[in-house]
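The next block is protein-v6.cif, given as mmCIF, C-alpha atoms.
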```
data_data
loop_
_atom_site.label_atom_id
_atom_site.label_comp_id
_atom_site.auth_asym_id
_atom_site.auth_seq_id
_atom_site.Cartn_x
_atom_site.Cartn_y
_atom_site.Cartn_z
CA MET A 190 -66.24 -24.84 85.90
CA ASN A 191 -67.15 -21.19 85.38
CA PHE A 192 -64.18 -18.88 85.96
CA GLN A 193 -62.33 -16.20 84.07
CA ARG A 194 -59.65 -17.51 81.70
CA THR A 195 -57.37 -14.48 81.39
CA ARG A 196 -54.69 -16.66 79.78
CA ARG A 197 -56.71 -16.69 76.55
CA LEU A 198 -55.21 -13.29 75.70
CA ARG A 199 -51.64 -14.47 76.32
CA LYS A 200 -51.68 -17.47 73.98
CA ASN A 201 -49.14 -16.26 71.42
CA THR A 202 -47.03 -13.29 70.38
CA ASN A 203 -49.62 -11.72 68.12
CA ILE A 204 -52.43 -11.59 70.68
CA ARG A 205 -50.03 -10.28 73.30
CA ARG A 206 -49.06 -7.50 70.89
CA LEU A 207 -52.70 -6.66 70.21
CA VAL A 208 -53.65 -6.23 73.88
CA ARG A 209 -50.40 -4.66 75.09
CA GLU A 210 -51.22 -1.57 77.15
CA THR A 211 -47.87 0.22 77.17
CA GLN A 212 -45.60 0.79 74.19
CA LEU A 213 -41.98 1.86 74.51
CA SER A 214 -40.59 3.96 71.67
CA VAL A 215 -37.32 5.65 70.75
CA ASP A 216 -39.39 8.84 70.79
CA ASP A 217 -39.46 8.55 74.60
CA PHE A 218 -35.69 8.83 75.07
CA VAL A 219 -33.28 11.60 75.99
CA TYR A 220 -29.61 10.59 75.94
CA PRO A 221 -27.22 12.27 78.43
CA ILE A 222 -23.78 13.30 77.10
CA PHE A 223 -20.78 14.53 79.12
CA ILE A 224 -18.71 17.23 77.41
CA GLU A 225 -15.31 17.94 78.94
CA GLU A 226 -13.29 21.06 78.22
CA GLY A 227 -10.08 20.14 76.40
CA GLU A 228 -8.99 18.27 73.29
CA ASN A 229 -8.76 14.68 72.10
CA ILE A 230 -10.85 13.37 75.03
CA GLU A 231 -12.71 10.08 74.72
CA ALA A 232 -12.56 8.75 78.26
CA GLU A 233 -14.49 5.68 79.40
CA ILE A 234 -16.23 6.10 82.76
CA PRO A 235 -15.28 2.92 84.68
CA SER A 236 -18.46 2.77 86.77
CA MET A 237 -20.67 3.31 83.69
CA PRO A 238 -19.57 0.84 80.99
CA GLY A 239 -20.18 2.21 77.50
CA ILE A 240 -20.53 5.82 78.65
CA LYS A 241 -17.70 8.27 77.97
CA ARG A 242 -16.59 11.83 78.52
CA TRP A 243 -16.00 13.66 75.24
CA SER A 244 -14.30 16.84 74.13
CA LEU A 245 -15.85 18.92 71.37
CA ASP A 246 -13.34 17.68 68.80
CA THR A 247 -14.30 14.02 69.42
CA VAL A 248 -18.00 14.13 70.34
CA SER A 249 -19.18 13.86 66.72
CA LYS A 250 -18.52 10.12 66.95
CA GLU A 251 -21.17 9.91 69.67
CA LEU A 252 -23.57 12.35 68.05
CA ASP A 253 -23.43 10.50 64.73
CA GLU A 254 -24.63 7.34 66.51
CA VAL A 255 -27.43 9.22 68.27
CA VAL A 256 -28.67 10.68 65.00
CA ALA A 257 -28.40 7.34 63.17
CA LEU A 258 -30.57 5.71 65.86
CA ASN A 259 -33.20 8.48 65.52
CA ILE A 260 -32.98 9.45 69.19
CA PRO A 261 -34.71 12.84 69.27
CA ALA A 262 -32.98 14.61 72.15
CA ILE A 263 -29.80 14.84 74.18
CA MET A 264 -29.07 16.32 77.59
CA LEU A 265 -25.68 18.00 78.01
CA PHE A 266 -23.49 18.06 81.10
CA GLY A 267 -20.40 20.28 81.02
CA ILE A 268 -17.09 19.56 82.77
CA PRO A 269 -14.96 22.72 82.83
CA LYS A 270 -11.24 23.21 83.37
CA HIS A 271 -11.81 26.13 85.75
CA LYS A 272 -13.74 25.73 88.99
CA ASP A 273 -14.31 28.29 91.73
CA SER A 274 -16.51 28.80 94.78
CA GLU A 275 -19.45 30.15 92.74
CA GLY A 276 -19.15 28.07 89.58
CA SER A 277 -18.68 31.19 87.48
CA SER A 278 -17.55 29.32 84.37
CA SER A 279 -21.11 27.99 84.07
CA TRP A 280 -22.42 31.31 82.74
CA GLN A 281 -19.50 32.46 80.57
CA ASP A 282 -20.19 32.91 76.86
CA ASP A 283 -17.12 30.80 76.07
CA GLY A 284 -17.90 28.15 78.73
CA ILE A 285 -17.84 24.49 77.77
CA MET A 286 -21.62 24.15 77.85
CA GLN A 287 -22.14 27.25 75.71
CA GLN A 288 -19.52 26.06 73.21
CA ALA A 289 -21.14 22.63 73.08
CA VAL A 290 -24.62 24.02 72.41
CA ARG A 291 -23.38 26.21 69.56
CA PHE A 292 -21.39 23.33 68.04
CA ILE A 293 -24.27 20.86 68.17
CA LYS A 294 -26.90 23.28 66.89
CA GLN A 295 -24.62 24.15 63.97
CA HIS A 296 -23.60 20.62 63.00
CA TYR A 297 -26.58 18.55 64.23
CA PRO A 298 -29.61 20.82 63.87
CA GLN A 299 -31.94 17.81 63.88
CA LEU A 300 -31.13 17.11 67.54
CA TYR A 301 -33.15 18.69 70.33
CA VAL A 302 -30.61 20.01 72.85
CA ILE A 303 -31.39 20.21 76.56
CA THR A 304 -28.88 21.57 79.07
CA ASP A 305 -28.57 20.53 82.68
CA VAL A 306 -28.58 23.76 84.68
CA CYS A 307 -26.64 23.40 87.91
CA PHE A 308 -23.34 24.29 89.56
CA CYS A 309 -21.97 21.10 91.11
CA GLU A 310 -19.71 20.40 88.10
CA TYR A 311 -18.43 23.99 88.16
CA THR A 312 -17.78 24.66 91.87
CA ASP A 313 -14.51 23.74 93.57
CA HIS A 314 -16.50 22.33 96.52
CA GLY A 315 -18.93 20.22 94.46
CA HIS A 316 -22.14 21.69 95.84
CA CYS A 317 -24.94 23.20 93.77
CA GLY A 318 -24.28 26.87 94.55
CA PRO A 319 -22.15 29.25 96.64
CA ILE A 320 -21.68 28.28 100.28
CA CYS A 321 -22.69 30.26 103.36
CA ASP A 322 -22.39 28.75 106.87
CA HIS A 323 -21.53 25.32 105.46
CA ASP A 324 -24.69 25.15 103.33
CA VAL A 325 -25.75 26.28 99.87
CA ASP A 326 -26.95 29.89 99.85
CA ASN A 327 -30.33 29.55 98.14
CA ASP A 328 -30.88 33.15 97.02
CA ALA A 329 -27.30 33.75 95.92
CA THR A 330 -27.63 30.61 93.81
CA LEU A 331 -30.80 31.98 92.20
CA ALA A 332 -28.95 35.11 91.09
CA ASN A 333 -26.29 32.94 89.44
CA ILE A 334 -28.76 30.50 87.91
CA ALA A 335 -30.44 33.39 86.10
CA LYS A 336 -27.12 34.23 84.46
CA GLN A 337 -26.51 30.60 83.54
CA VAL A 338 -29.85 30.02 81.80
CA VAL A 339 -29.64 33.23 79.82
CA SER A 340 -26.16 32.26 78.60
CA HIS A 341 -27.53 28.88 77.47
CA ALA A 342 -30.43 30.57 75.72
CA LYS A 343 -28.09 32.92 73.86
CA ALA A 344 -26.01 29.93 72.76
CA GLY A 345 -29.12 28.44 71.12
CA VAL A 346 -30.32 25.71 73.50
CA ASP A 347 -33.77 24.22 72.92
CA MET A 348 -34.67 23.62 76.59
CA VAL A 349 -33.13 24.20 80.01
CA ALA A 350 -33.36 21.67 82.84
CA PRO A 351 -32.54 23.09 86.30
CA SER A 352 -31.47 20.36 88.71
CA GLY A 353 -30.33 22.11 91.90
CA MET A 354 -33.58 21.91 93.92
CA MET A 355 -33.29 25.53 95.03
CA ASP A 356 -36.46 27.15 96.34
CA GLY A 357 -37.86 29.57 93.76
CA MET A 358 -35.60 28.43 90.93
CA ILE A 359 -38.34 27.98 88.31
CA ALA A 360 -39.86 31.42 88.90
CA THR A 361 -36.38 32.94 88.76
CA ILE A 362 -35.50 31.15 85.52
CA ARG A 363 -38.82 31.98 83.85
CA GLN A 364 -38.44 35.65 84.72
CA ALA A 365 -34.81 35.75 83.56
CA LEU A 366 -35.61 34.10 80.23
CA ASP A 367 -38.64 36.31 79.63
CA ASP A 368 -36.69 39.48 80.46
CA ALA A 369 -33.85 38.43 78.12
CA GLY A 370 -36.23 37.90 75.19
CA PHE A 371 -36.68 34.10 75.41
CA PRO A 372 -40.33 33.72 76.47
CA ASN A 373 -40.77 30.59 74.34
CA LEU A 374 -37.83 28.63 75.76
CA PRO A 375 -39.25 25.71 77.80
CA ILE A 376 -38.15 24.60 81.26
CA MET A 377 -37.94 20.95 82.32
CA SER A 378 -37.68 21.07 86.08
CA TYR A 379 -35.98 18.45 88.21
CA ALA A 380 -39.03 19.07 90.36
CA VAL A 381 -38.79 15.96 92.54
CA LYS A 382 -35.13 15.09 93.05
CA TYR A 383 -34.27 12.79 95.90
CA ALA A 384 -31.01 12.69 97.88
CA SER A 385 -30.25 9.28 96.46
CA ALA A 386 -27.39 6.81 96.73
CA PHE A 387 -28.05 5.91 93.09
CA TYR A 388 -26.12 8.98 91.87
CA GLY A 389 -22.68 7.60 92.74
CA PRO A 390 -21.35 6.82 89.22
CA PHE A 391 -22.54 10.20 87.91
CA ARG A 392 -20.23 11.95 90.35
CA ASP A 393 -17.33 10.05 88.79
CA ALA A 394 -18.55 11.06 85.35
CA ALA A 395 -19.00 14.76 86.13
CA ASP A 396 -16.30 15.34 88.79
CA SER A 397 -19.04 16.62 91.10
CA THR A 398 -18.52 14.81 94.39
CA PRO A 399 -18.94 17.29 97.30
CA THR A 400 -15.74 18.00 99.20
CA PHE A 401 -17.73 18.17 102.44
CA GLY A 402 -21.14 17.08 103.68
CA ASP A 403 -23.85 15.94 101.31
CA ARG A 404 -26.86 17.36 99.46
CA ARG A 405 -29.61 16.42 101.89
CA THR A 406 -30.34 20.05 102.82
CA TYR A 407 -31.64 20.69 99.33
CA GLN A 408 -32.46 17.33 97.74
CA MET A 409 -35.47 15.40 99.06
CA ASP A 410 -35.63 12.71 101.73
CA PRO A 411 -36.29 9.34 100.01
CA ALA A 412 -38.88 8.58 102.71
CA ASN A 413 -41.21 11.39 101.63
CA ARG A 414 -44.11 11.03 99.20
CA ASP A 415 -46.46 13.90 100.08
CA GLU A 416 -43.53 16.35 99.92
CA ALA A 417 -42.98 15.31 96.31
CA MET A 418 -46.45 16.61 95.44
CA ARG A 419 -45.71 19.93 97.17
CA GLU A 420 -42.43 20.30 95.28
CA ALA A 421 -44.07 19.46 91.96
CA MET A 422 -46.95 21.87 92.66
CA LEU A 423 -44.57 24.75 93.36
CA ASP A 424 -42.70 24.21 90.09
CA PHE A 425 -45.95 23.79 88.15
CA GLU A 426 -47.27 27.06 89.58
CA GLU A 427 -43.97 28.77 88.71
CA GLN A 428 -44.53 27.72 85.06
CA ALA A 429 -42.34 24.66 84.58
CA ASP A 430 -43.31 23.12 81.25
CA ILE A 431 -42.22 19.57 82.16
CA LEU A 432 -41.89 18.02 85.62
CA MET A 433 -39.18 15.44 86.28
CA VAL A 434 -38.82 12.73 88.93
CA LYS A 435 -35.28 11.57 89.74
CA PRO A 436 -34.26 8.75 90.22
CA ALA A 437 -36.73 6.57 88.32
CA LEU A 438 -36.76 2.91 89.36
CA SER A 439 -37.09 3.31 93.11
CA TYR A 440 -39.63 6.11 92.66
CA LEU A 441 -42.14 4.68 90.19
CA ASP A 442 -44.92 5.43 92.68
CA ILE A 443 -43.90 9.09 92.65
CA ILE A 444 -43.89 9.18 88.84
CA ARG A 445 -47.48 7.88 88.87
CA ASP A 446 -48.54 10.34 91.57
CA VAL A 447 -47.12 13.30 89.64
CA LYS A 448 -48.63 12.03 86.39
CA ASN A 449 -52.07 11.78 87.99
CA GLN A 450 -51.89 15.24 89.53
CA PHE A 451 -50.44 17.54 86.87
CA PRO A 452 -51.54 18.30 83.27
CA VAL A 453 -48.02 18.62 81.83
CA PRO A 454 -45.59 16.06 80.40
CA ILE A 455 -43.75 14.03 83.03
CA ALA A 456 -40.08 13.06 82.72
CA CYS A 457 -38.00 10.65 84.74
CA TYR A 458 -34.24 10.20 84.97
CA ASN A 459 -32.99 6.61 84.83
CA VAL A 460 -29.85 7.52 86.76
CA SER A 461 -26.27 6.32 86.72
CA GLY A 462 -26.54 3.88 89.62
CA GLU A 463 -29.55 2.18 88.06
CA TYR A 464 -27.60 1.85 84.82
CA ALA A 465 -24.45 0.60 86.57
CA MET A 466 -26.28 -2.09 88.56
CA VAL A 467 -27.77 -3.62 85.42
CA LYS A 468 -24.42 -3.50 83.64
CA ALA A 469 -22.55 -5.06 86.56
CA ALA A 470 -25.05 -7.87 87.11
CA ALA A 471 -25.18 -8.62 83.37
CA GLU A 472 -21.39 -8.75 83.20
CA LYS A 473 -21.45 -11.35 86.00
CA GLY A 474 -23.97 -13.37 84.03
CA TRP A 475 -26.53 -13.08 86.83
CA ILE A 476 -29.22 -11.43 84.69
CA ASP A 477 -30.13 -11.01 81.05
CA GLY A 478 -28.98 -7.39 80.79
CA THR A 479 -30.95 -6.59 77.65
CA ARG A 480 -34.24 -7.92 78.98
CA VAL A 481 -33.78 -6.19 82.35
CA MET A 482 -32.95 -2.94 80.56
CA MET A 483 -36.08 -3.05 78.43
CA GLU A 484 -38.31 -4.17 81.31
CA SER A 485 -37.00 -1.34 83.49
CA LEU A 486 -37.60 1.30 80.81
CA LEU A 487 -41.07 -0.11 80.14
CA SER A 488 -41.89 0.15 83.85
CA MET A 489 -41.04 3.86 83.78
CA LYS A 490 -43.29 4.40 80.79
CA ARG A 491 -46.07 2.35 82.43
CA ALA A 492 -45.75 4.41 85.61
CA GLY A 493 -46.56 7.51 83.56
CA ALA A 494 -43.32 8.99 82.24
CA ASN A 495 -43.69 10.66 78.85
CA ILE A 496 -39.93 11.27 78.66
CA ILE A 497 -37.18 8.93 79.88
CA ILE A 498 -33.68 10.32 80.30
CA THR A 499 -31.47 7.25 80.15
CA TYR A 500 -27.91 6.10 79.48
CA PHE A 501 -29.53 3.05 77.87
CA ALA A 502 -31.02 5.16 75.05
CA LYS A 503 -28.70 3.91 72.29
CA GLU A 504 -28.93 0.24 73.30
CA ALA A 505 -32.67 0.41 73.78
CA ALA A 506 -33.11 2.11 70.39
CA ILE A 507 -31.25 -0.77 68.75
CA CYS A 508 -33.46 -3.30 70.55
CA LEU A 509 -36.61 -1.52 69.42
CA GLN A 510 -35.37 -1.50 65.83
CA GLN A 511 -34.74 -5.24 66.00
CA GLN A 512 -38.24 -5.85 67.37
CA HIS A 513 -39.70 -4.24 64.29
#
```

Encoded form (structure tokens):
Amino acid sequence: MNFQRTRRLRKNTNIRRLVRETQLSVDDFVYPIFIEEGENIEAEIPSMPGIKRWSLDTVSKELDEVVALNIPAIMLFGIPKHKDSEGSSSWQDDGIMQQAVRFIKQHYPQLYVITDVCFCEYTDHGHCGPICDHDVDNDATLANIAKQVVSHAKAGVDMVAPSGMMDGMIATIRQALDDAGFPNLPIMSYAVKYASAFYGPFRDAADSTPTFGDRRTYQMDPANRDEAMREAMLDFEEQADILMVKPALSYLDIIRDVKNQFPVPIACYNVSGEYAMVKAAAEKGWIDGTRVMMESLLSMKRAGANIIITYFAKEAAICLQQQH
């Protein structure tokens, strides 16, 4: 019989390694870290096993592990003591995010530090900017976001990552950074951020659950694909250096679309709900948690992500070390 025998190239481990198309590396990972204002904080997040909230006097324990595993970058989320209607503590020179950036750049200069730029952790209502008529005021938020990014830049951050999905936010941030003397500071835009149910555990981690309504007036409808290309195009034209798709697993098609369309690095965010589902199912013994973790991360890389922001970064780094 004359037919193609594709199994010839699957015969053993070595030939599978030789023809493997996609390689996952620790160089692909960004590890999110939650920094809470206060002292002596090392608080487990119940819905995200293995992930904690840290204060600045305890976070070295976490950072030491990240450095030892050769993970190149971290993304910081700040949890302040003071919250108000505008999220004003997000742009104060002595804010928790600004303190964290200075501390990490002083004590861990080898780490690349990215800051999440948003307001939901800092507002007393949990939305991503000041409220007008029961909705986020887009342009008032832009004025505040300019102050926030400049404060991060002055603290010494390596990259800013705006996540609020406000219209015009990338152009506003680029102009603010350029005017403040930071023309070389890159922007990783949450360009395509869906209004997803997969964010639930994060809201426990960051104390950012809205006190009313939801975020569907500014985050994208999960049903929309063409709109994702329009959002990504706007941020690309406004000079975003990296475009992000969030969440990752349910939006692999969008990652590939964005990768095919735009000549910049593409990031994806393997979000809290995706992490929690794997952890919960593994704890029940229903799946092999390690294999599902690695397969999921590989699928994001295969879809086209150059950068994977993931709570699995430390565990995956250990697995990759063991493979070699």

Resolved residues for the PyMOL selection byres ((chain A and resi 223) around 6) as a PyMOL selection string: chain A and resi 222+224+242+266

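Separating atom CA of Lys272 of chain A from atom CA of His314 of chain A is a distance of 8.7 Å.
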
Counting only C-alpha atoms, what is within 9 Å of Glu463 of chain A, bar same-chain residues fewer than 6 positions away, as a PyMOL selection string? chain A and resi 387-388+436-438

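One distance worth recording is that between atom CA of Trp280 of chain A and atom CA of Tyr311 of chain A, which is 9.9 Å.
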
Who sits within 7 Å of segment 319-332 of chain A, only C-alpha atoms, same chain under 5 positions skipped, as an MDAnalysis selection string: chainID A and resid 274:275 355:356 358 361

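Of the residues under consideration (A:Phe371, A:Ile293, A:Phe391, A:Asn191), A:Phe391 shows the shortest atom-to-atom contact distance to Gly462 of chain A when counting all atoms listed in the file.
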
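Taken over the whole file, the PyMOL selection byres ((chain A and resi 379) around 8) covers exactly Ala350, Pro351, Ser352, Gly353, Met354, Met377, Ser378, Ala380, Val381, Lys382, Leu432, Met433, Val434 and Lys435 of chain A.
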
Interatomic distance, atom CA of Val256 of chain A to atom CA of Ile376 of chain A (Å, one decimal): 23.4 Å

So that I can check the surroundings of Pro235 of chain A, please list as JSON, numbers by chain every protein, DNA and RNA residue that reaches within 9 Å of it, counting only C-alpha atoms and ignoring chain neighbours fewer than 3 positions away. {"A": [238, 239, 240, 241, 390, 393, 394]}

Starting from the displayed file, determine the output of the PyMOL selection byres ((chain A and resi 263) around 9) and express the residue list as a list in words. Phe218, Val219, Tyr220, Pro221, Ile222, Val255, Ile260, Pro261, Ala262, Met264, Leu265, Leu300, Tyr301, Val302, Ile303, Thr304 and Ile498 of chain A

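With distances restricted to all atoms listed in the file, A:Ala289 is the closest residue to Ser249 of chain A from A:Ala335, A:Ala289, A:Ile431, A:Met418.
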
Which residue is closest to Leu423 of chain A? Choose from A:Gln288, A:Gly357, A:Ile362, A:Thr499 and count only C-alpha atoms. A:Gly357

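Ranking A:Phe501, A:Val349, A:Ala360, A:Glu251 by their shortest atom-to-atom distance to Glu427 of chain A, with only C-alpha atoms included, puts A:Ala360 first.
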